[in-house]
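Quick notes on the structure that follows.
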Protein chains: 2
Amino acid sequence: MSIELIGINGIPLVKKGDNISKLIIEALNNQDISLKNEDILLIAETLISKAEGNIFKLSNFIPSDESIAIAQKSGKDPKLVEAIIQESNEVIEVGSNFVITETKHGFVCANSGIDESNVDEGFATPMPENADKSANEIREFLENKYDLELGVIITDTQGRAFRNGAVGVAIGCSGINPLWSRVGETDLYGRELQTTEVAIGDELAAAASLLMGQANEGIPVVIIRGFKNFENLRNSYCGISPLLRVKEFDVFRK
Amino acid sequence: MSIELIGINGIPLVKKGDNISKLIIEALNNQDISLKNEDILLIAETLISKAEGNIFKLSNFIPSDESIAIAQKSGKDPKLVEAIIQESNEVIEVGSNFVITETKHGFVCANSGIDESNVDEGFATPMPENADKSANEIREFLENKYDLELGVIITDTQGRAFRNGAVGVAIGCSGINPLWSRVGETDLYGRELQTTEVAIGDELAAAASLLMGQANEGIPVVIIRGFKNFENLRNSYCGISPLLRVKEFDVFRK
């Protein structure tokens with residue numbers, strides 16, 4: 001039993017209006033890679049934000065009093081903090097050099113997921129507007145072209161509450177349910193499982209991150225081939241929401 | 001650029017005193033798999049705990065007043081709660097059907113990592129006593145036998161603060177630094193990276209979990225082959241501690 005992770009490079013720096021599906025097809029052709037049935041494509045979110053033209057010029061933001069106060073507490077640029085606030089539903093925690101929010105999409109993460117890497121100085125990219133929709137468009141384009149069943153997951157790199165270091169996580173999803181419910185299944189002794197929900201979408205994103213890196217690797221797309229539960233988790237419509245813990249069930253917000 | 005995940009099955013139910021290294025070698029031989037230089041072996045913690053004979057009979061625990069109170073609040077068995085407390089440094093959060101602690105090893109997780117799956121009724125397995133030491137023994141045994149440089153990571157499955165579903169994480173490590181520091185590296189635009197620490201150990205564990213599953217898959221060992229940063233992260237002595245966020249830097253404990 002094995003799984004293969006295949007890194008796709010040779011995708012040029014993406015500009016507003018670029019069709020990501022077509023860029024992926026071109027890169028696959030250049031590397032002489034054919035997609036197979038049940039392949040899952042993991043795509044770095046920065047590709048999506050750039051193709052959407054979703055890039056902030058930080059000097060355009062006018063900090064509110066709240067943003068100025070948070071900037072003072074965190075040591076961050078007030079204009080960046082204003083952008084973080086505008087991208088958030090709620091500020092959860094502020095401290096030296098960090099601002100943790102719930103983003104308008106519902107993710108709890110640092111800086112509302114705004115990224116200053118891999119863009120020109122003075123600019124930053126927010127998270128994609130609707131990563132589920134982007135994932136779905138790419139999946140449908142590729143499925144129609146190749147007549148295959150595929151999964152597409154948009155990935156980001158985020159920190160965790162209780163462990164050091166960032167990991168790849170899923171922020172958009174199409175074609176596969178990112179949460180695997182195993183309620184009713186049994187262990188090797190025939191007892192009901194204790195861990196009944198597995199965040200497959202995040203495990204796939206973390207695996208892809210081993211190839212993507214976060215610097216100048218130039219591998220923004222990874223194919224995961226041979227994941228045997230694809231068929232069980234096949235779902236064209238569910239999106240990322242199964243992975244989002246709603247606030248009522250969140251025990252760590254102060 | 002690609003990475004291969006290879007599942008090792010055919011490892012029998014482990015008993016106290018079993019030599020995990022020898023069981024792995026036997027399973028590799030049965031599957032006709034040869035280890036290669038820079039392979040990383042991911043091993044499910046349940047193998048280690050069982051080989052250590054580290055299994056609790058829950059009826060042996062006599063609940064303290066604290067355990068009885070936490071049992072009432074959580075709805076959990078008071079004897080199980082007593083075991084959870086004895087395995088912990090600190091109780092962090094209690095609610096309906098959950099008890100989150102910092103374990104005596106320093107992990108923040110549910111139930112001090114005590115697992116009631118894959119053992120007989122009335123029994124439970126704690127986390128391995130010293131998963132770094134176990135990882136190191138296995139690494140040295142296999143490296144000496146095959147004259148290779150290897151990594152060994154002991155894995156568990158744990159929930160997260162802000163996202164639904166459990167994921168594979170690293171709880172013991174030898175031969176490779178589980179935290180990748182990228183301070184001083186630059187992005188595609190030559191700017192210093194924003195995400196400077198990547199939890200490679202956890203990403204490897206999450207990837208392995210895609211094959212291991214948590215039920216009756218019977219794949220407790222996964223080889224990860226082709227991780228190109230092995231050499232950069234080669235470190236025989238560091239263990240898991242780089243991934244543990246010490247309490248002073250933890251902003252979510254109440």
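Ligands are numbered from 1 in the order shown, residues from 1 within each chain, and chains are lettered A, B, ... in the order they appear in the structure tokens.
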
Could I get chain B fitted onto chain A (least squares, all C-alpha atoms, in order) as an mmCIF file with C-alpha atoms, in the first residue's frame?
data_model
loop_
_atom_site.group_PDB
_atom_site.id
_atom_site.type_symbol
_atom_site.label_atom_id
_atom_site.label_comp_id
_atom_site.auth_asym_id
_atom_site.auth_seq_id
_atom_site.Cartn_x
_atom_site.Cartn_y
_atom_site.Cartn_z
ATOM 1 C CA MET B 1 -0.025 -0.025 -0.013
ATOM 2 C CA SER B 2 1.536 3.293 -1.009
ATOM 3 C CA ILE B 3 0.787 6.928 -1.789
ATOM 4 C CA GLU B 4 2.746 9.134 -4.161
ATOM 5 C CA LEU B 5 3.236 12.881 -3.770
ATOM 6 C CA ILE B 6 4.229 14.521 -7.063
ATOM 7 C CA GLY B 7 5.443 18.124 -7.122
ATOM 8 C CA ILE B 8 4.513 20.287 -10.109
ATOM 9 C CA ASN B 9 6.980 23.040 -10.886
ATOM 10 C CA GLY B 10 7.413 25.352 -13.846
ATOM 11 C CA ILE B 11 4.274 27.355 -13.094
ATOM 12 C CA PRO B 12 5.142 31.007 -13.865
ATOM 13 C CA LEU B 13 4.538 33.855 -11.400
ATOM 14 C CA VAL B 14 0.780 34.286 -11.617
ATOM 15 C CA LYS B 15 -0.865 37.557 -12.668
ATOM 16 C CA LYS B 16 -4.403 38.859 -12.296
ATOM 17 C CA GLY B 17 -6.811 37.114 -14.626
ATOM 18 C CA ASP B 18 -4.610 34.058 -15.226
ATOM 19 C CA ASN B 19 -6.514 30.802 -15.569
ATOM 20 C CA ILE B 20 -4.952 28.515 -12.946
ATOM 21 C CA SER B 21 -6.414 25.371 -14.525
ATOM 22 C CA LYS B 22 -4.724 26.146 -17.837
ATOM 23 C CA LEU B 23 -1.402 26.926 -16.135
ATOM 24 C CA ILE B 24 -1.584 23.589 -14.322
ATOM 25 C CA ILE B 25 -2.349 21.724 -17.566
ATOM 26 C CA GLU B 26 0.610 23.395 -19.269
ATOM 27 C CA ALA B 27 2.934 22.514 -16.381
ATOM 28 C CA LEU B 28 1.691 18.898 -16.358
ATOM 29 C CA ASN B 29 2.360 18.662 -20.097
ATOM 30 C CA ASN B 30 5.832 20.153 -19.705
ATOM 31 C CA GLN B 31 6.645 17.599 -17.014
ATOM 32 C CA ASP B 32 4.991 14.815 -19.006
ATOM 33 C CA ILE B 33 2.628 13.956 -16.147
ATOM 34 C CA SER B 34 -0.872 12.627 -16.842
ATOM 35 C CA LEU B 35 -3.558 13.020 -14.204
ATOM 36 C CA LYS B 36 -5.159 9.763 -13.096
ATOM 37 C CA ASN B 37 -8.593 8.971 -11.721
ATOM 38 C CA GLU B 38 -8.908 9.864 -8.001
ATOM 39 C CA ASP B 39 -5.824 12.099 -8.024
ATOM 40 C CA ILE B 40 -6.057 14.924 -5.498
ATOM 41 C CA LEU B 41 -4.498 18.274 -6.461
ATOM 42 C CA LEU B 42 -3.197 20.472 -3.671
ATOM 43 C CA ILE B 43 -2.787 24.112 -4.734
ATOM 44 C CA ALA B 44 -1.032 26.848 -2.716
ATOM 45 C CA GLU B 45 -3.468 29.669 -1.920
ATOM 46 C CA THR B 46 -1.073 32.327 -3.185
ATOM 47 C CA LEU B 47 -1.768 31.172 -6.755
ATOM 48 C CA ILE B 48 -5.482 31.758 -6.246
ATOM 49 C CA SER B 49 -5.157 35.162 -4.595
ATOM 50 C CA LYS B 50 -2.831 36.402 -7.319
ATOM 51 C CA ALA B 51 -5.015 35.134 -10.155
ATOM 52 C CA GLU B 52 -7.930 36.923 -8.479
ATOM 53 C CA GLY B 53 -5.849 40.100 -8.438
ATOM 54 C CA ASN B 54 -6.487 39.996 -4.727
ATOM 55 C CA ILE B 55 -3.418 41.970 -3.637
ATOM 56 C CA PHE B 56 -3.476 44.792 -1.084
ATOM 57 C CA LYS B 57 -1.359 47.909 -1.373
ATOM 58 C CA LEU B 58 -0.836 48.502 2.343
ATOM 59 C CA SER B 59 -0.482 52.292 1.982
ATOM 60 C CA ASN B 60 -4.144 52.381 0.890
ATOM 61 C CA PHE B 61 -5.364 51.360 4.362
ATOM 62 C CA ILE B 62 -6.290 54.089 6.866
ATOM 63 C CA PRO B 63 -5.935 52.696 10.397
ATOM 64 C CA SER B 64 -8.870 53.048 12.769
ATOM 65 C CA ASP B 65 -8.357 53.813 16.468
ATOM 66 C CA GLU B 66 -8.756 50.069 17.162
ATOM 67 C CA SER B 67 -6.094 49.220 14.594
ATOM 68 C CA ILE B 68 -3.702 51.799 16.041
ATOM 69 C CA ALA B 69 -4.174 50.352 19.529
ATOM 70 C CA ILE B 70 -3.614 46.779 18.281
ATOM 71 C CA ALA B 71 -0.592 47.945 16.283
ATOM 72 C CA GLN B 72 0.918 49.403 19.440
ATOM 73 C CA LYS B 73 0.275 46.240 21.448
ATOM 74 C CA SER B 74 1.568 43.894 18.725
ATOM 75 C CA GLY B 75 4.356 46.039 17.295
ATOM 76 C CA LYS B 76 2.897 45.588 13.803
ATOM 77 C CA ASP B 77 2.418 48.272 11.118
ATOM 78 C CA PRO B 78 -0.957 50.035 11.757
ATOM 79 C CA LYS B 79 -1.875 49.814 8.045
ATOM 80 C CA LEU B 80 -1.269 46.066 8.081
ATOM 81 C CA VAL B 81 -3.346 45.776 11.260
ATOM 82 C CA GLU B 82 -6.171 47.703 9.574
ATOM 83 C CA ALA B 83 -6.058 45.200 6.689
ATOM 84 C CA ILE B 84 -6.097 42.344 9.235
ATOM 85 C CA ILE B 85 -9.169 43.816 10.968
ATOM 86 C CA GLN B 86 -11.004 44.333 7.679
ATOM 87 C CA GLU B 87 -10.406 40.672 6.806
ATOM 88 C CA SER B 88 -11.678 39.437 10.183
ATOM 89 C CA ASN B 89 -14.924 38.614 11.942
ATOM 90 C CA GLU B 90 -13.314 38.920 15.361
ATOM 91 C CA VAL B 91 -9.954 39.648 16.988
ATOM 92 C CA ILE B 92 -9.206 36.716 19.300
ATOM 93 C CA GLU B 93 -5.778 37.419 20.784
ATOM 94 C CA VAL B 94 -3.117 40.137 20.489
ATOM 95 C CA GLY B 95 0.428 40.027 21.814
ATOM 96 C CA SER B 96 4.003 40.878 20.991
ATOM 97 C CA ASN B 97 4.338 40.380 17.233
ATOM 98 C CA PHE B 98 1.050 38.482 16.748
ATOM 99 C CA VAL B 99 -2.603 39.214 16.025
ATOM 100 C CA ILE B 100 -4.861 36.161 15.956
ATOM 101 C CA THR B 101 -8.323 36.576 14.444
ATOM 102 C CA GLU B 102 -11.230 34.647 13.096
ATOM 103 C CA THR B 103 -11.136 35.551 9.408
ATOM 104 C CA LYS B 104 -14.273 36.533 7.538
ATOM 105 C CA HIS B 105 -14.196 33.002 6.074
ATOM 106 C CA GLY B 106 -14.218 31.458 9.582
ATOM 107 C CA PHE B 107 -10.553 30.399 9.995
ATOM 108 C CA VAL B 108 -8.803 31.096 13.299
ATOM 109 C CA CYS B 109 -5.247 32.081 12.382
ATOM 110 C CA ALA B 110 -2.557 34.752 12.617
ATOM 111 C CA ASN B 111 -2.910 38.038 10.690
ATOM 112 C CA SER B 112 -6.254 36.982 9.159
ATOM 113 C CA GLY B 113 -4.108 34.892 6.825
ATOM 114 C CA ILE B 114 -2.640 37.989 5.142
ATOM 115 C CA ASP B 115 0.709 37.110 3.623
ATOM 116 C CA GLU B 116 3.562 39.495 2.842
ATOM 117 C CA SER B 117 5.773 36.815 1.264
ATOM 118 C CA ASN B 118 6.151 36.345 -2.475
ATOM 119 C CA VAL B 119 4.708 39.768 -3.398
ATOM 120 C CA ASP B 120 6.410 43.135 -4.006
ATOM 121 C CA GLU B 121 7.458 45.273 -1.039
ATOM 122 C CA GLY B 122 4.531 47.282 0.370
ATOM 123 C CA PHE B 123 1.990 44.747 -0.862
ATOM 124 C CA ALA B 124 0.308 41.751 0.759
ATOM 125 C CA THR B 125 -2.106 39.013 -0.272
ATOM 126 C CA PRO B 126 -5.201 38.164 1.766
ATOM 127 C CA MET B 127 -6.645 34.668 1.730
ATOM 128 C CA PRO B 128 -8.639 33.893 -1.424
ATOM 129 C CA GLU B 129 -12.154 35.367 -1.360
ATOM 130 C CA ASN B 130 -13.825 31.964 -1.731
ATOM 131 C CA ALA B 131 -11.332 29.130 -1.892
ATOM 132 C CA ASP B 132 -14.091 26.487 -2.129
ATOM 133 C CA LYS B 133 -15.408 28.155 -5.284
ATOM 134 C CA SER B 134 -11.903 28.406 -6.744
ATOM 135 C CA ALA B 135 -11.233 24.742 -5.929
ATOM 136 C CA ASN B 136 -14.528 23.771 -7.507
ATOM 137 C CA GLU B 137 -13.869 25.698 -10.738
ATOM 138 C CA ILE B 138 -10.458 24.075 -11.131
ATOM 139 C CA ARG B 139 -11.831 20.612 -10.351
ATOM 140 C CA GLU B 140 -14.661 20.960 -12.896
ATOM 141 C CA PHE B 141 -12.299 22.296 -15.560
ATOM 142 C CA LEU B 142 -9.822 19.442 -15.118
ATOM 143 C CA GLU B 143 -12.487 16.748 -14.705
ATOM 144 C CA ASN B 144 -14.210 17.836 -17.907
ATOM 145 C CA LYS B 145 -10.982 18.013 -19.868
ATOM 146 C CA TYR B 146 -9.701 14.600 -18.788
ATOM 147 C CA ASP B 147 -12.952 12.773 -17.924
ATOM 148 C CA LEU B 148 -11.710 11.861 -14.442
ATOM 149 C CA GLU B 149 -12.907 12.109 -10.838
ATOM 150 C CA LEU B 150 -10.530 14.425 -8.997
ATOM 151 C CA GLY B 151 -10.201 16.244 -5.687
ATOM 152 C CA VAL B 152 -8.882 19.814 -5.405
ATOM 153 C CA ILE B 153 -7.709 21.346 -2.129
ATOM 154 C CA ILE B 154 -6.432 24.904 -1.668
ATOM 155 C CA THR B 155 -3.698 25.020 1.001
ATOM 156 C CA ASP B 156 -2.242 27.574 3.368
ATOM 157 C CA THR B 157 0.481 27.394 6.013
ATOM 158 C CA GLN B 158 -0.670 28.200 9.548
ATOM 159 C CA GLY B 159 0.587 28.037 13.110
ATOM 160 C CA ARG B 160 -1.083 26.039 15.892
ATOM 161 C CA ALA B 161 -2.202 26.930 19.403
ATOM 162 C CA PHE B 162 -0.079 24.461 21.365
ATOM 163 C CA ARG B 163 2.781 23.423 19.124
ATOM 164 C CA ASN B 164 5.668 25.286 17.536
ATOM 165 C CA GLY B 165 6.018 25.589 13.789
ATOM 166 C CA ALA B 166 3.521 26.089 11.013
ATOM 167 C CA VAL B 167 1.964 23.273 8.984
ATOM 168 C CA GLY B 168 0.058 23.014 5.727
ATOM 169 C CA VAL B 169 -3.726 23.159 6.194
ATOM 170 C CA ALA B 170 -6.704 23.034 3.856
ATOM 171 C CA ILE B 171 -8.639 26.275 3.304
ATOM 172 C CA GLY B 172 -10.717 25.324 0.269
ATOM 173 C CA CYS B 173 -11.946 21.998 -0.982
ATOM 174 C CA SER B 174 -13.904 20.399 -3.799
ATOM 175 C CA GLY B 175 -14.589 16.831 -4.869
ATOM 176 C CA ILE B 176 -13.701 15.243 -1.552
ATOM 177 C CA ASN B 177 -15.021 15.652 1.989
ATOM 178 C CA PRO B 178 -12.094 17.018 4.057
ATOM 179 C CA LEU B 179 -13.443 15.428 7.271
ATOM 180 C CA TRP B 180 -13.606 11.652 7.506
ATOM 181 C CA SER B 181 -16.296 10.454 9.876
ATOM 182 C CA ARG B 182 -15.648 6.963 11.160
ATOM 183 C CA VAL B 183 -18.576 6.723 13.539
ATOM 184 C CA GLY B 184 -19.645 3.105 13.844
ATOM 185 C CA GLU B 185 -16.313 1.645 12.682
ATOM 186 C CA THR B 186 -14.372 -0.641 14.972
ATOM 187 C CA ASP B 187 -10.761 -1.157 16.017
ATOM 188 C CA LEU B 188 -8.712 -4.367 15.764
ATOM 189 C CA TYR B 189 -10.535 -5.623 18.900
ATOM 190 C CA GLY B 190 -13.983 -4.895 17.482
ATOM 191 C CA ARG B 191 -14.558 -1.898 19.784
ATOM 192 C CA GLU B 192 -15.993 1.363 18.563
ATOM 193 C CA LEU B 193 -13.317 3.905 17.644
ATOM 194 C CA GLN B 194 -12.375 6.680 20.024
ATOM 195 C CA THR B 195 -11.167 9.031 17.307
ATOM 196 C CA THR B 196 -14.158 9.181 15.031
ATOM 197 C CA GLU B 197 -13.330 12.208 12.921
ATOM 198 C CA VAL B 198 -10.097 12.596 10.968
ATOM 199 C CA ALA B 199 -9.192 15.853 9.243
ATOM 200 C CA ILE B 200 -8.114 14.223 5.973
ATOM 201 C CA GLY B 201 -8.094 17.590 4.167
ATOM 202 C CA ASP B 202 -5.498 18.933 6.588
ATOM 203 C CA GLU B 203 -3.438 15.731 6.479
ATOM 204 C CA LEU B 204 -3.365 15.943 2.676
ATOM 205 C CA ALA B 205 -2.350 19.623 2.898
ATOM 206 C CA ALA B 206 0.402 18.846 5.429
ATOM 207 C CA ALA B 207 1.718 16.064 3.191
ATOM 208 C CA ALA B 208 1.768 18.382 0.161
ATOM 209 C CA SER B 209 3.586 21.018 2.198
ATOM 210 C CA LEU B 210 6.574 18.638 2.477
ATOM 211 C CA LEU B 211 7.147 19.308 -1.237
ATOM 212 C CA MET B 212 5.824 22.845 -1.522
ATOM 213 C CA GLY B 213 7.940 24.428 1.184
ATOM 214 C CA GLN B 214 7.192 28.062 1.848
ATOM 215 C CA ALA B 215 10.121 29.859 0.260
ATOM 216 C CA ASN B 216 11.535 29.814 -3.228
ATOM 217 C CA GLU B 217 10.958 26.146 -4.012
ATOM 218 C CA GLY B 218 8.592 27.052 -6.834
ATOM 219 C CA ILE B 219 6.348 24.017 -6.279
ATOM 220 C CA PRO B 220 2.860 25.509 -5.805
ATOM 221 C CA VAL B 221 0.931 22.394 -6.893
ATOM 222 C CA VAL B 222 1.238 18.822 -5.631
ATOM 223 C CA ILE B 223 -0.628 15.749 -6.830
ATOM 224 C CA ILE B 224 -1.464 13.113 -4.206
ATOM 225 C CA ARG B 225 -1.998 9.777 -5.900
ATOM 226 C CA GLY B 226 -3.156 6.520 -4.338
ATOM 227 C CA PHE B 227 -5.185 7.782 -1.355
ATOM 228 C CA LYS B 228 -7.385 4.752 -0.951
ATOM 229 C CA ASN B 229 -10.308 6.476 0.755
ATOM 230 C CA PHE B 230 -10.993 8.843 -2.128
ATOM 231 C CA GLU B 231 -14.131 6.965 -3.108
ATOM 232 C CA ASN B 232 -15.552 6.951 0.444
ATOM 233 C CA LEU B 233 -14.979 10.686 0.723
ATOM 234 C CA ARG B 234 -16.078 11.657 -2.787
ATOM 235 C CA ASN B 235 -18.333 14.676 -2.431
ATOM 236 C CA SER B 236 -18.623 17.442 -4.972
ATOM 237 C CA TYR B 237 -20.359 20.009 -2.823
ATOM 238 C CA CYS B 238 -19.244 19.987 0.795
ATOM 239 C CA GLY B 239 -16.373 22.518 0.740
ATOM 240 C CA ILE B 240 -14.120 23.263 3.702
ATOM 241 C CA SER B 241 -16.806 23.913 6.333
ATOM 242 C CA PRO B 242 -16.639 20.448 7.995
ATOM 243 C CA LEU B 243 -13.140 21.386 9.248
ATOM 244 C CA LEU B 244 -14.222 24.685 10.804
ATOM 245 C CA ARG B 245 -15.010 24.498 14.511
ATOM 246 C CA VAL B 246 -17.835 26.891 15.188
ATOM 247 C CA LYS B 247 -17.337 29.284 18.065
ATOM 248 C CA GLU B 248 -19.890 27.593 20.350
ATOM 249 C CA PHE B 249 -17.730 24.449 20.378
ATOM 250 C CA ASP B 250 -14.440 26.293 20.719
ATOM 251 C CA VAL B 251 -13.184 26.006 24.290
ATOM 252 C CA PHE B 252 -10.006 28.074 23.908
ATOM 253 C CA ARG B 253 -11.316 31.506 22.984
ATOM 254 C CA LYS B 254 -11.071 33.800 25.959
#

**OP:** List every residue of region 10-219 of chain A that DSSP, applied to the backbone of this structure, places in helix (DSSP H, G or I), and write the result as a ChimeraX atom specification.
**Re:** /A:20-30,45-51,58-60,65-74,78-86,111-113,131-146,200-212

Selection export as a PDB file, in the first residue's frame, atoms kept: C-alpha atoms:
ATOM      1  CA  ILE A  20      -4.954  28.518 -12.946  1.00  0.00           C
ATOM      2  CA  SER A  21      -6.414  25.375 -14.522  1.00  0.00           C
ATOM      3  CA  LYS A  22      -4.734  26.154 -17.827  1.00  0.00           C
ATOM      4  CA  LEU A  23      -1.414  26.949 -16.136  1.00  0.00           C
ATOM      5  CA  ILE A  24      -1.578  23.601 -14.315  1.00  0.00           C
ATOM      6  CA  ILE A  25      -2.341  21.734 -17.552  1.00  0.00           C
ATOM      7  CA  GLU A  26       0.602  23.417 -19.258  1.00  0.00           C
ATOM      8  CA  ALA A  27       2.934  22.537 -16.375  1.00  0.00           C
ATOM      9  CA  LEU A  28       1.688  18.925 -16.359  1.00  0.00           C
ATOM     10  CA  ASN A  29       2.359  18.682 -20.086  1.00  0.00           C
ATOM     11  CA  ASN A  30       5.829  20.177 -19.698  1.00  0.00           C
ATOM     12  CA  GLU A  45      -3.474  29.679  -1.930  1.00  0.00           C
ATOM     13  CA  THR A  46      -1.092  32.329  -3.174  1.00  0.00           C
ATOM     14  CA  LEU A  47      -1.781  31.172  -6.753  1.00  0.00           C
ATOM     15  CA  ILE A  48      -5.495  31.754  -6.249  1.00  0.00           C
ATOM     16  CA  SER A  49      -5.168  35.162  -4.593  1.00  0.00           C
ATOM     17  CA  LYS A  50      -2.835  36.406  -7.315  1.00  0.00           C
ATOM     18  CA  ALA A  51      -5.025  35.140 -10.153  1.00  0.00           C
ATOM     19  CA  LEU A  58      -0.822  48.498   2.346  1.00  0.00           C
ATOM     20  CA  SER A  59      -0.467  52.276   1.984  1.00  0.00           C
ATOM     21  CA  ASN A  60      -4.132  52.376   0.907  1.00  0.00           C
ATOM     22  CA  ASP A  65      -8.345  53.797  16.486  1.00  0.00           C
ATOM     23  CA  GLU A  66      -8.742  50.070  17.172  1.00  0.00           C
ATOM     24  CA  SER A  67      -6.086  49.219  14.595  1.00  0.00           C
ATOM     25  CA  ILE A  68      -3.683  51.789  16.055  1.00  0.00           C
ATOM     26  CA  ALA A  69      -4.152  50.319  19.541  1.00  0.00           C
ATOM     27  CA  ILE A  70      -3.605  46.767  18.279  1.00  0.00           C
ATOM     28  CA  ALA A  71      -0.587  47.922  16.283  1.00  0.00           C
ATOM     29  CA  GLN A  72       0.938  49.390  19.446  1.00  0.00           C
ATOM     30  CA  LYS A  73       0.302  46.204  21.445  1.00  0.00           C
ATOM     31  CA  SER A  74       1.572  43.864  18.727  1.00  0.00           C
ATOM     32  CA  PRO A  78      -0.949  50.035  11.763  1.00  0.00           C
ATOM     33  CA  LYS A  79      -1.867  49.817   8.053  1.00  0.00           C
ATOM     34  CA  LEU A  80      -1.262  46.075   8.073  1.00  0.00           C
ATOM     35  CA  VAL A  81      -3.333  45.780  11.251  1.00  0.00           C
ATOM     36  CA  GLU A  82      -6.154  47.704   9.563  1.00  0.00           C
ATOM     37  CA  ALA A  83      -6.057  45.210   6.694  1.00  0.00           C
ATOM     38  CA  ILE A  84      -6.086  42.335   9.217  1.00  0.00           C
ATOM     39  CA  ILE A  85      -9.161  43.810  10.953  1.00  0.00           C
ATOM     40  CA  GLN A  86     -11.001  44.340   7.668  1.00  0.00           C
ATOM     41  CA  ASN A 111      -2.909  38.024  10.671  1.00  0.00           C
ATOM     42  CA  SER A 112      -6.266  36.982   9.140  1.00  0.00           C
ATOM     43  CA  GLY A 113      -4.114  34.881   6.826  1.00  0.00           C
ATOM     44  CA  ALA A 131     -11.334  29.126  -1.885  1.00  0.00           C
ATOM     45  CA  ASP A 132     -14.095  26.487  -2.129  1.00  0.00           C
ATOM     46  CA  LYS A 133     -15.415  28.150  -5.274  1.00  0.00           C
ATOM     47  CA  SER A 134     -11.910  28.403  -6.746  1.00  0.00           C
ATOM     48  CA  ALA A 135     -11.234  24.742  -5.934  1.00  0.00           C
ATOM     49  CA  ASN A 136     -14.525  23.769  -7.515  1.00  0.00           C
ATOM     50  CA  GLU A 137     -13.866  25.697 -10.727  1.00  0.00           C
ATOM     51  CA  ILE A 138     -10.458  24.076 -11.120  1.00  0.00           C
ATOM     52  CA  ARG A 139     -11.839  20.614 -10.357  1.00  0.00           C
ATOM     53  CA  GLU A 140     -14.641  20.958 -12.893  1.00  0.00           C
ATOM     54  CA  PHE A 141     -12.297  22.307 -15.574  1.00  0.00           C
ATOM     55  CA  LEU A 142      -9.816  19.440 -15.123  1.00  0.00           C
ATOM     56  CA  GLU A 143     -12.478  16.739 -14.718  1.00  0.00           C
ATOM     57  CA  ASN A 144     -14.199  17.832 -17.911  1.00  0.00           C
ATOM     58  CA  LYS A 145     -10.974  18.017 -19.863  1.00  0.00           C
ATOM     59  CA  TYR A 146      -9.684  14.600 -18.791  1.00  0.00           C
ATOM     60  CA  ILE A 200      -8.117  14.222   5.976  1.00  0.00           C
ATOM     61  CA  GLY A 201      -8.084  17.590   4.173  1.00  0.00           C
ATOM     62  CA  ASP A 202      -5.498  18.932   6.596  1.00  0.00           C
ATOM     63  CA  GLU A 203      -3.434  15.739   6.474  1.00  0.00           C
ATOM     64  CA  LEU A 204      -3.363  15.959   2.677  1.00  0.00           C
ATOM     65  CA  ALA A 205      -2.345  19.637   2.902  1.00  0.00           C
ATOM     66  CA  ALA A 206       0.406  18.849   5.424  1.00  0.00           C
ATOM     67  CA  ALA A 207       1.720  16.070   3.187  1.00  0.00           C
ATOM     68  CA  ALA A 208       1.778  18.395   0.166  1.00  0.00           C
ATOM     69  CA  SER A 209       3.587  21.033   2.202  1.00  0.00           C
ATOM     70  CA  LEU A 210       6.573  18.656   2.476  1.00  0.00           C
ATOM     71  CA  LEU A 211       7.140  19.324  -1.231  1.00  0.00           C
ATOM     72  CA  MET A 212       5.821  22.869  -1.531  1.00  0.00           C
TER      73      MET A 212
END

**OP:** Enumerate, as a PyMOL selection string, the complete set of residues in region 12-250 of chain B that a backbone-based DSSP assignment places in strand (DSSP E).
**Re:** chain B and resi 40-44+56-57+88-95+98-103+108-110+123-124+151-158+167-176+180-181+197-198+221-225+234-235
